[in-house]
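To start, the structure itself, in structure tokens.
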Amino acid sequence: MSSEQTALSIDPVVPVPPVLQVENLEVHYGLRRRRRSALNGVSLNVAPGETVGIIGETGSGKSTLARAVLGLVRASAGSIVVGGEDIGAYGPRQWRALRRRGVIQYVFQDPLRSLDPDLTIEASLAEPLILQGVSREEAATRVRAFLSRVRLDEELLDRLPGELSGGQRQRVAVARALVTDPRLVILDEPVSALDSANRVQILQILKERRADGVALVFISHDLGSVAGIADRIAVLYRGELVEVGAARDVIGAPQHPYTRLLVGSAPTLHTAAADRAERAALRALLHA
Amino acid sequence: MTTLSEKLHVQADESTVSADPPAPVLSVRDVRISDQAGDREIVHGVSFALTPGRAVGIVGESGSGKTLACRAALGILPAHFEVTAGSIEIDGRDIAGLSSAEWTALRGATISAVFQDPASYLNPSIRVGAQVAEVIRVKKGVKRGEARRQAIDLLRAVHLRDPELVYGQYSFELSGGMLQRVLIAAAIAAGPRILIADEATTALDVTVQAEILDLLADLREETGLALVVVSHDLAVVAQLCDEVLVLRQGEVVEQGPTRQVLHDPQHEYTRLLIAEHEQYGLDRFLAPKEDA
């Protein structure tokens with residue numbers, strides 16, 4: 001894993017095999033007449049150490065993409081390759097084994113739902129390590145050593161998730177995802193429920209951890225958060241990736257009408273709000 | 001006046017044009033709010049004055065007291081919270097000691113509010129249109145048929161595409177953006193002079209947020225509605241407001257015209273909020289327009 005740290009370079013076309021390779025992914029929900037496409041021919045590569053932001057609104061399919069990569073929904077076509085292994089064909093048992101190895105980890109929006117309410121923070125953090133086969137003693141040592149990296153106090157270890165603030169809880173969820181040294185972490189709206197200070201703190205932690213070579217897929221409806229962390233941004237609109245590029249290009253010079261509408265809608269501090277007439281025109285174009 | 005204000009049946013009688021500077025519709029003077037249970041002061045003095053057609057923004061993180069300040073102005077502070085000092089005047093009238101009947105007359109007709117989670121303010125088993133019509137019927141004393149007609153006009157005024165259809169739908173059938181429009185329609189139904197928008201666009205997608213912010217700007221411009229915009233996002237407030245208050249742990253650390261606060265922030269906390277946007281936000285990639 002450590003040999004791949006060089007992949008942190010700015011150029012995304014380094015000759016390192018991607019950690020995540022999604023090709024022509026299709027996901028459908030519903031049966032027969034009610035069958036609807038949630039993802040339509042989505043292809044995306046993520047290099048080791050790279051952070052790819054996926055931006056999209058409610059219903060764009062971004063959570064479906066996360067869930068497909070985690071094996072929580074079944075793809076109807078296409079392939080998902082993680083670390084060289086085609087996981088699309090995995091059965092439940094293989095999935096469990098993969099999750100146990102801690103190669104892929106994930107963080108969701110609501111840490112209260114992803115943390116066991118009856119487990120102390122210490123137990124929650126040690127669990128993924130113990131599942132990997134690490135001894136309890138070593139797990140405890142590693143958890144303690146990891147705390148400072150996610151700005152958590154040791155005194156929180158004895159508490160239950162319900163006794164922490166929202167920001168602390170989400171840092172615990174991030175710590176739990178990162179403690180196993182995963183190669184890929186899928187984060188689905190990890191900062192959307194947090195206020196500005198906590199949001200920035202989580203983004204800082206994630207940025208620092210990229211130095212370990214972990215690849216991040218950062219999914220959000222908030223263009224600002226994605227812009228703050230992603231090397232590349234992929235724009236998902238109605239189940240299709242309509243634009244993929246370097247963060248600077250996607251935000252500075254958006255091409256697709258939907259991306260232009262997104263960028264033009266986001267409130268910013270120093271630039272005047274985008275022209276309303278222009279937004280209306282883009283909307284009309286999209287609905288045409 | 002304008003078409004929209006006619007649609008909204010706003011009475012323009014009191015606020016007719018005169019040479020005098022307009023009197024504030026809402027003045028908040030050094031308001032302090034305490035938690036009586038813990039005997040702790042939570043809000044340490046908030047002051048601002050809002051004249052018709054103006055917008056003031058309150059920015060701060062969760063727990064900074066911004067929502068408490070709004071709720072005090074609406075007379076809906078949670079149990080055992082109390083305004084312990086200062087005064088709030090709505091339309092020149094001190095709200096201290098208002099009876100609950102007086103409050104009922106004031107709310108909706110003079111001061112109104114929309115909050116973050118629109119679905120939780122609507123009854124899931126009553127059609128949304130009927131809930132807007134109910135406000136009109138009660139507040140304006142009109143007959144059911146007329147209330148229904150006015151409700152549909154309002155749904156149209158908040159740019160819902162098919163107001164007749166939406167009128168007959170239930171809250172679970174509508175998206176978050178549509179629900180917030182319905183709530184705004186209900187909030188402005190009785191032609192209030194002040195609208196408090198407390199994190200009203202926080203839960204919405206950014207393109208929908210832009211539409212709602214546009215709608216608020218329209219209402220303000222066309223009907224002279226005065227706005228109090230509460231948000232954790234400085235950029236949202238900056239876009240809509242003439243004046244900004246930065247609240248931190250119940251203390252106003254900075255207050256002034258929006259441009260001045262953004263371009264020449266005095267307090268380190270304001271500078272931090274701005275820096276967060278510049279480092280972890282869109283502003284990172286977008287060049288300032290004028291002051292390059």
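For the structure tokens, the naming scheme is as follows: chains receive sequential letters (A, B, ...) according to their order of presentation, residues are indexed from 1 within each chain, and ligands are indexed from 1 in presentation order.
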
Distance cut-off 8 Å, counting only C-alpha atoms - which residues of chain B neighbour chain A? Return them as an MDAnalysis selection string.
chainID B and resid 61:62 205:207 209:210 232:236 238:239 262 273:274 276:277 279:289

Those same residues - C-alpha atoms - I'd like them written as a PDB file, in the first residue's frame.
```
ATOM      1  CA  GLU B  61     -23.131  27.993  14.232  1.00  0.00           C
ATOM      2  CA  SER B  62     -25.547  25.697  15.984  1.00  0.00           C
ATOM      3  CA  ASP B 205     -30.555  21.156  -3.053  1.00  0.00           C
ATOM      4  CA  VAL B 206     -28.476  24.087  -4.146  1.00  0.00           C
ATOM      5  CA  THR B 207     -30.438  24.770  -7.332  1.00  0.00           C
ATOM      6  CA  GLN B 209     -32.145  26.851  -2.671  1.00  0.00           C
ATOM      7  CA  ALA B 210     -31.344  29.427  -5.347  1.00  0.00           C
ATOM      8  CA  HIS B 232     -25.167  28.961   9.355  1.00  0.00           C
ATOM      9  CA  ASP B 233     -23.993  29.799   5.853  1.00  0.00           C
ATOM     10  CA  LEU B 234     -22.530  33.260   5.510  1.00  0.00           C
ATOM     11  CA  ALA B 235     -22.886  33.082   1.726  1.00  0.00           C
ATOM     12  CA  VAL B 236     -26.657  32.574   1.880  1.00  0.00           C
ATOM     13  CA  ALA B 238     -24.611  37.616   2.049  1.00  0.00           C
ATOM     14  CA  GLN B 239     -26.671  37.022  -1.035  1.00  0.00           C
ATOM     15  CA  LEU B 262     -17.433  40.634   3.978  1.00  0.00           C
ATOM     16  CA  LEU B 273     -16.071  32.104   8.574  1.00  0.00           C
ATOM     17  CA  ILE B 274     -14.862  33.885   5.458  1.00  0.00           C
ATOM     18  CA  GLU B 276     -13.609  28.653   5.606  1.00  0.00           C
ATOM     19  CA  HIS B 277     -15.504  29.650   2.500  1.00  0.00           C
ATOM     20  CA  GLN B 279     -10.529  27.427   1.512  1.00  0.00           C
ATOM     21  CA  TYR B 280     -13.328  24.896   1.628  1.00  0.00           C
ATOM     22  CA  GLY B 281     -15.852  26.203  -0.778  1.00  0.00           C
ATOM     23  CA  LEU B 282     -16.569  27.401  -4.228  1.00  0.00           C
ATOM     24  CA  ASP B 283     -14.862  30.710  -3.620  1.00  0.00           C
ATOM     25  CA  ARG B 284     -11.601  28.817  -3.842  1.00  0.00           C
ATOM     26  CA  PHE B 285     -11.991  28.554  -7.596  1.00  0.00           C
ATOM     27  CA  LEU B 286     -14.006  31.633  -8.425  1.00  0.00           C
ATOM     28  CA  ALA B 287     -12.285  34.951  -8.811  1.00  0.00           C
ATOM     29  CA  PRO B 288     -13.872  37.946  -7.093  1.00  0.00           C
ATOM     30  CA  LYS B 289     -15.790  39.928  -9.657  1.00  0.00           C
TER      31      LYS B 289
END
```

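Summary of the local environment: counting only C-alpha atoms, residues at most 10 Å from Cys70 (chain B), other than itself and those fewer than 5 positions away along its chain, are Ile58, Gly65, Gly75, Ile76, Leu77, Ala113, Ile196, Ala197, Asp198, Val228, Val229 and Val230 of chain B.
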
Neighbouring residues of region 168-182 of chain B were defined as those with any atom within 9 Å, considering only C-alpha atoms; residues of the same chain fewer than 4 positions away were excluded. Please report them as a PDB file with N, CA and C atoms, in the first residue's frame.
```pdb
ATOM      1  N   VAL B 114     -40.762  30.871   8.411  1.00  0.00           N
ATOM      2  CA  VAL B 114     -40.583  29.531   7.837  1.00  0.00           C
ATOM      3  C   VAL B 114     -39.295  28.946   8.406  1.00  0.00           C
ATOM      4  N   PHE B 115     -39.315  27.622   8.584  1.00  0.00           N
ATOM      5  CA  PHE B 115     -38.187  26.966   9.242  1.00  0.00           C
ATOM      6  C   PHE B 115     -37.546  25.922   8.337  1.00  0.00           C
ATOM      7  N   GLN B 116     -36.611  25.181   8.931  1.00  0.00           N
ATOM      8  CA  GLN B 116     -35.785  24.297   8.120  1.00  0.00           C
ATOM      9  C   GLN B 116     -36.534  23.112   7.512  1.00  0.00           C
ATOM     10  N   ASP B 117     -37.370  22.458   8.300  1.00  0.00           N
ATOM     11  CA  ASP B 117     -37.932  21.197   7.854  1.00  0.00           C
ATOM     12  C   ASP B 117     -39.414  21.377   7.530  1.00  0.00           C
ATOM     13  N   PRO B 118     -39.725  21.753   6.284  1.00  0.00           N
ATOM     14  CA  PRO B 118     -41.109  22.138   5.969  1.00  0.00           C
ATOM     15  C   PRO B 118     -42.124  21.017   6.236  1.00  0.00           C
ATOM     16  N   ALA B 119     -41.706  19.769   6.023  1.00  0.00           N
ATOM     17  CA  ALA B 119     -42.660  18.675   6.159  1.00  0.00           C
ATOM     18  C   ALA B 119     -43.241  18.594   7.566  1.00  0.00           C
ATOM     19  N   LEU B 122     -46.468  20.660   8.334  1.00  0.00           N
ATOM     20  CA  LEU B 122     -47.713  20.383   7.610  1.00  0.00           C
ATOM     21  C   LEU B 122     -48.323  19.108   8.151  1.00  0.00           C
ATOM     22  N   ASN B 123     -49.642  19.093   8.199  1.00  0.00           N
ATOM     23  CA  ASN B 123     -50.344  17.885   8.619  1.00  0.00           C
ATOM     24  C   ASN B 123     -50.324  16.886   7.461  1.00  0.00           C
ATOM     25  N   PRO B 124     -49.755  15.691   7.700  1.00  0.00           N
ATOM     26  CA  PRO B 124     -49.612  14.756   6.583  1.00  0.00           C
ATOM     27  C   PRO B 124     -50.946  14.223   6.048  1.00  0.00           C
ATOM     28  N   SER B 125     -52.007  14.350   6.827  1.00  0.00           N
ATOM     29  CA  SER B 125     -53.266  13.763   6.367  1.00  0.00           C
ATOM     30  C   SER B 125     -54.268  14.803   5.859  1.00  0.00           C
ATOM     31  N   ILE B 126     -53.798  16.029   5.695  1.00  0.00           N
ATOM     32  CA  ILE B 126     -54.649  17.059   5.103  1.00  0.00           C
ATOM     33  C   ILE B 126     -53.955  17.594   3.863  1.00  0.00           C
ATOM     34  N   ARG B 127     -54.727  17.778   2.794  1.00  0.00           N
ATOM     35  CA  ARG B 127     -54.139  18.306   1.552  1.00  0.00           C
ATOM     36  C   ARG B 127     -53.462  19.640   1.829  1.00  0.00           C
ATOM     37  N   VAL B 128     -52.304  19.857   1.179  1.00  0.00           N
ATOM     38  CA  VAL B 128     -51.518  21.047   1.531  1.00  0.00           C
ATOM     39  C   VAL B 128     -52.279  22.335   1.223  1.00  0.00           C
ATOM     40  N   GLY B 129     -53.039  22.325   0.120  1.00  0.00           N
ATOM     41  CA  GLY B 129     -53.769  23.532  -0.258  1.00  0.00           C
ATOM     42  C   GLY B 129     -54.770  23.933   0.801  1.00  0.00           C
ATOM     43  N   ALA B 130     -55.428  22.933   1.367  1.00  0.00           N
ATOM     44  CA  ALA B 130     -56.427  23.211   2.397  1.00  0.00           C
ATOM     45  C   ALA B 130     -55.780  23.853   3.619  1.00  0.00           C
ATOM     46  N   VAL B 132     -53.164  25.856   3.528  1.00  0.00           N
ATOM     47  CA  VAL B 132     -52.910  27.258   3.194  1.00  0.00           C
ATOM     48  C   VAL B 132     -54.232  28.026   3.261  1.00  0.00           C
ATOM     49  N   LEU B 154     -51.932  32.121  -4.240  1.00  0.00           N
ATOM     50  CA  LEU B 154     -50.680  32.166  -3.479  1.00  0.00           C
ATOM     51  C   LEU B 154     -49.712  31.088  -3.945  1.00  0.00           C
ATOM     52  N   LEU B 155     -50.226  29.895  -4.171  1.00  0.00           N
ATOM     53  CA  LEU B 155     -49.359  28.806  -4.630  1.00  0.00           C
ATOM     54  C   LEU B 155     -48.748  29.183  -5.977  1.00  0.00           C
ATOM     55  N   VAL B 158     -45.879  31.746  -5.429  1.00  0.00           N
ATOM     56  CA  VAL B 158     -44.583  31.202  -4.990  1.00  0.00           C
ATOM     57  C   VAL B 158     -43.981  30.277  -6.058  1.00  0.00           C
ATOM     58  N   HIS B 159     -44.468  30.458  -7.278  1.00  0.00           N
ATOM     59  CA  HIS B 159     -43.923  29.778  -8.453  1.00  0.00           C
ATOM     60  C   HIS B 159     -44.054  28.259  -8.406  1.00  0.00           C
ATOM     61  N   LEU B 160     -45.131  27.765  -7.866  1.00  0.00           N
ATOM     62  CA  LEU B 160     -45.390  26.333  -8.022  1.00  0.00           C
ATOM     63  C   LEU B 160     -46.034  26.164  -9.397  1.00  0.00           C
ATOM     64  N   PRO B 163     -50.485  25.029  -9.664  1.00  0.00           N
ATOM     65  CA  PRO B 163     -51.038  25.301  -8.334  1.00  0.00           C
ATOM     66  C   PRO B 163     -52.325  24.517  -8.019  1.00  0.00           C
ATOM     67  N   GLU B 164     -53.187  24.323  -9.029  1.00  0.00           N
ATOM     68  CA  GLU B 164     -54.427  23.574  -8.751  1.00  0.00           C
ATOM     69  C   GLU B 164     -54.111  22.139  -8.347  1.00  0.00           C
ATOM     70  N   ALA B 186     -48.121  29.804   2.862  1.00  0.00           N
ATOM     71  CA  ALA B 186     -48.928  29.893   4.086  1.00  0.00           C
ATOM     72  C   ALA B 186     -48.440  31.041   4.963  1.00  0.00           C
ATOM     73  N   ALA B 187     -47.115  31.223   4.991  1.00  0.00           N
ATOM     74  CA  ALA B 187     -46.543  32.261   5.853  1.00  0.00           C
ATOM     75  C   ALA B 187     -46.914  33.658   5.377  1.00  0.00           C
ATOM     76  N   ALA B 200     -34.179  28.273   6.272  1.00  0.00           N
ATOM     77  CA  ALA B 200     -35.278  27.818   5.419  1.00  0.00           C
ATOM     78  C   ALA B 200     -34.808  27.092   4.167  1.00  0.00           C
ATOM     79  N   THR B 201     -33.558  27.278   3.782  1.00  0.00           N
ATOM     80  CA  THR B 201     -33.084  26.611   2.563  1.00  0.00           C
ATOM     81  C   THR B 201     -31.997  25.592   2.845  1.00  0.00           C
ATOM     82  N   ALA B 203     -31.960  22.570   4.018  1.00  0.00           N
ATOM     83  CA  ALA B 203     -32.124  21.161   3.671  1.00  0.00           C
ATOM     84  C   ALA B 203     -32.350  20.962   2.174  1.00  0.00           C
ATOM     85  N   LEU B 204     -32.282  22.025   1.408  1.00  0.00           N
ATOM     86  CA  LEU B 204     -32.641  21.912  -0.002  1.00  0.00           C
ATOM     87  C   LEU B 204     -31.409  21.778  -0.893  1.00  0.00           C
ATOM     88  N   ASP B 205     -31.620  21.196  -2.056  1.00  0.00           N
ATOM     89  CA  ASP B 205     -30.555  21.156  -3.053  1.00  0.00           C
ATOM     90  C   ASP B 205     -30.209  22.574  -3.472  1.00  0.00           C
ATOM     91  N   VAL B 208     -32.391  24.349  -5.947  1.00  0.00           N
ATOM     92  CA  VAL B 208     -33.695  24.680  -5.365  1.00  0.00           C
ATOM     93  C   VAL B 208     -33.529  25.827  -4.366  1.00  0.00           C
ATOM     94  N   GLN B 209     -32.441  25.776  -3.604  1.00  0.00           N
ATOM     95  CA  GLN B 209     -32.145  26.851  -2.671  1.00  0.00           C
ATOM     96  C   GLN B 209     -32.099  28.188  -3.409  1.00  0.00           C
ATOM     97  N   GLU B 211     -33.634  29.016  -6.082  1.00  0.00           N
ATOM     98  CA  GLU B 211     -34.991  29.424  -6.459  1.00  0.00           C
ATOM     99  C   GLU B 211     -35.736  30.018  -5.274  1.00  0.00           C
ATOM    100  N   ILE B 212     -35.569  29.393  -4.097  1.00  0.00           N
ATOM    101  CA  ILE B 212     -36.260  29.905  -2.906  1.00  0.00           C
ATOM    102  C   ILE B 212     -35.688  31.268  -2.510  1.00  0.00           C
ATOM    103  N   LEU B 215     -37.120  33.748  -4.728  1.00  0.00           N
ATOM    104  CA  LEU B 215     -38.513  34.019  -4.365  1.00  0.00           C
ATOM    105  C   LEU B 215     -38.588  35.007  -3.195  1.00  0.00           C
TER     106      LEU B 215
END
```

Write down as a ChimeraX atom specification the residues belonging to region 120-282 of chain B that are assigned helix (DSSP H, G or I) by DSSP computed on the backbone.
/B:120-121,128-140,144-157,163-167,171-173,176-187,206-223,234-240,258-263,268-279,282

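Straight-line separation from CA of Cys241 (chain B) to CA of Arg54 (chain B): 7.5 Å.
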
Correct to one decimal, the distance CA of Arg93 (chain B)-CA of Gly53 (chain B) is 19.0 Å

Would you kindly return, as a VMD selection string, each protein, DNA or RNA residue with an atom no farther than 10 Å from any atom of region 206-209 of chain A, considering only C-alpha atoms and excluding same-chain residues fewer than 4 positions away?
chain A and resid 49 51 149 to 150 174 to 175 178 181 200 to 202 213 to 216 218 228 to 230

Tell me, as number ranges by chain, which residues lie within 12 Å of Pro111 (chain A), counting only C-alpha atoms; anything in the same chain fewer than 3 positions away does not count.
A: 106-108, 114-117, 121, 124, 161-162, 164-177, 187-194

Of the candidates B:Leu225, B:Leu240, B:Leu26, B:Leu74, which shows the shortest atom-to-atom distance to Ser100 (chain B), using only C-alpha atoms?
B:Leu74

Name the residues in contact with Glu26 (chain A) at a cut-off of 6 Å, using only C-alpha atoms, excluding same-chain residues fewer than 2 positions from it; report them as a list in words.
Leu39, Asn40, Gly41, Ala75, Ser76 and Ala77 of chain A

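For region 247-256 of chain B, the set of protein, DNA and RNA residues having any atom at most 8 Å away, when counting only C-alpha atoms and skipping those fewer than 4 positions along the same chain, is Ile42, Val43, His44, Gly45, Val46, Ile58, Val59, Gly60, Glu61, Gly63, Ser64, Gly65, Lys66, Glu243, Gln260, Val261, Pro265, Gln266, His267, Tyr269 and Thr270 of chain B.
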
Selection file, C-alpha atoms, as an mmCIF file, in the first residue's frame:
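Contents of again_36.cif, as written:
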```cif
data_model
loop_
_atom_site.group_PDB
_atom_site.id
_atom_site.type_symbol
_atom_site.label_atom_id
_atom_site.label_comp_id
_atom_site.auth_asym_id
_atom_site.auth_seq_id
_atom_site.Cartn_x
_atom_site.Cartn_y
_atom_site.Cartn_z
ATOM 1 C CA ILE B 42 -27.793 32.193 26.404
ATOM 2 C CA VAL B 43 -28.170 35.292 24.240
ATOM 3 C CA HIS B 44 -26.137 38.262 25.461
ATOM 4 C CA GLY B 45 -27.709 41.238 23.777
ATOM 5 C CA VAL B 46 -28.917 41.319 20.183
ATOM 6 C CA ILE B 58 -28.064 36.383 11.375
ATOM 7 C CA VAL B 59 -25.133 34.011 10.966
ATOM 8 C CA GLY B 60 -23.759 31.637 13.508
ATOM 9 C CA GLU B 61 -23.131 27.993 14.232
ATOM 10 C CA GLY B 63 -26.027 26.774 19.563
ATOM 11 C CA SER B 64 -25.068 30.379 18.891
ATOM 12 C CA GLY B 65 -28.538 31.571 19.850
ATOM 13 C CA LYS B 66 -29.724 32.684 16.426
ATOM 14 C CA GLU B 243 -27.069 43.911 7.085
ATOM 15 C CA GLN B 260 -18.455 45.931 4.855
ATOM 16 C CA VAL B 261 -18.558 42.749 6.937
ATOM 17 C CA PRO B 265 -14.263 41.825 8.760
ATOM 18 C CA GLN B 266 -13.213 43.090 12.179
ATOM 19 C CA HIS B 267 -13.669 40.057 14.396
ATOM 20 C CA TYR B 269 -14.557 34.726 14.070
ATOM 21 C CA THR B 270 -15.963 36.520 11.016
#
```

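Atom to atom, CA of Ser27 (chain B) and CA of Arg40 (chain B) stand 24.3 Å apart.
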
Once DSSP has gone over the backbone, tell me which residues of region 60-255 of chain B are in strand (DSSP E), as a PyMOL selection string.
chain B and resi 81-90+93-94+111-114+194-198+226-231+243-248+251-255
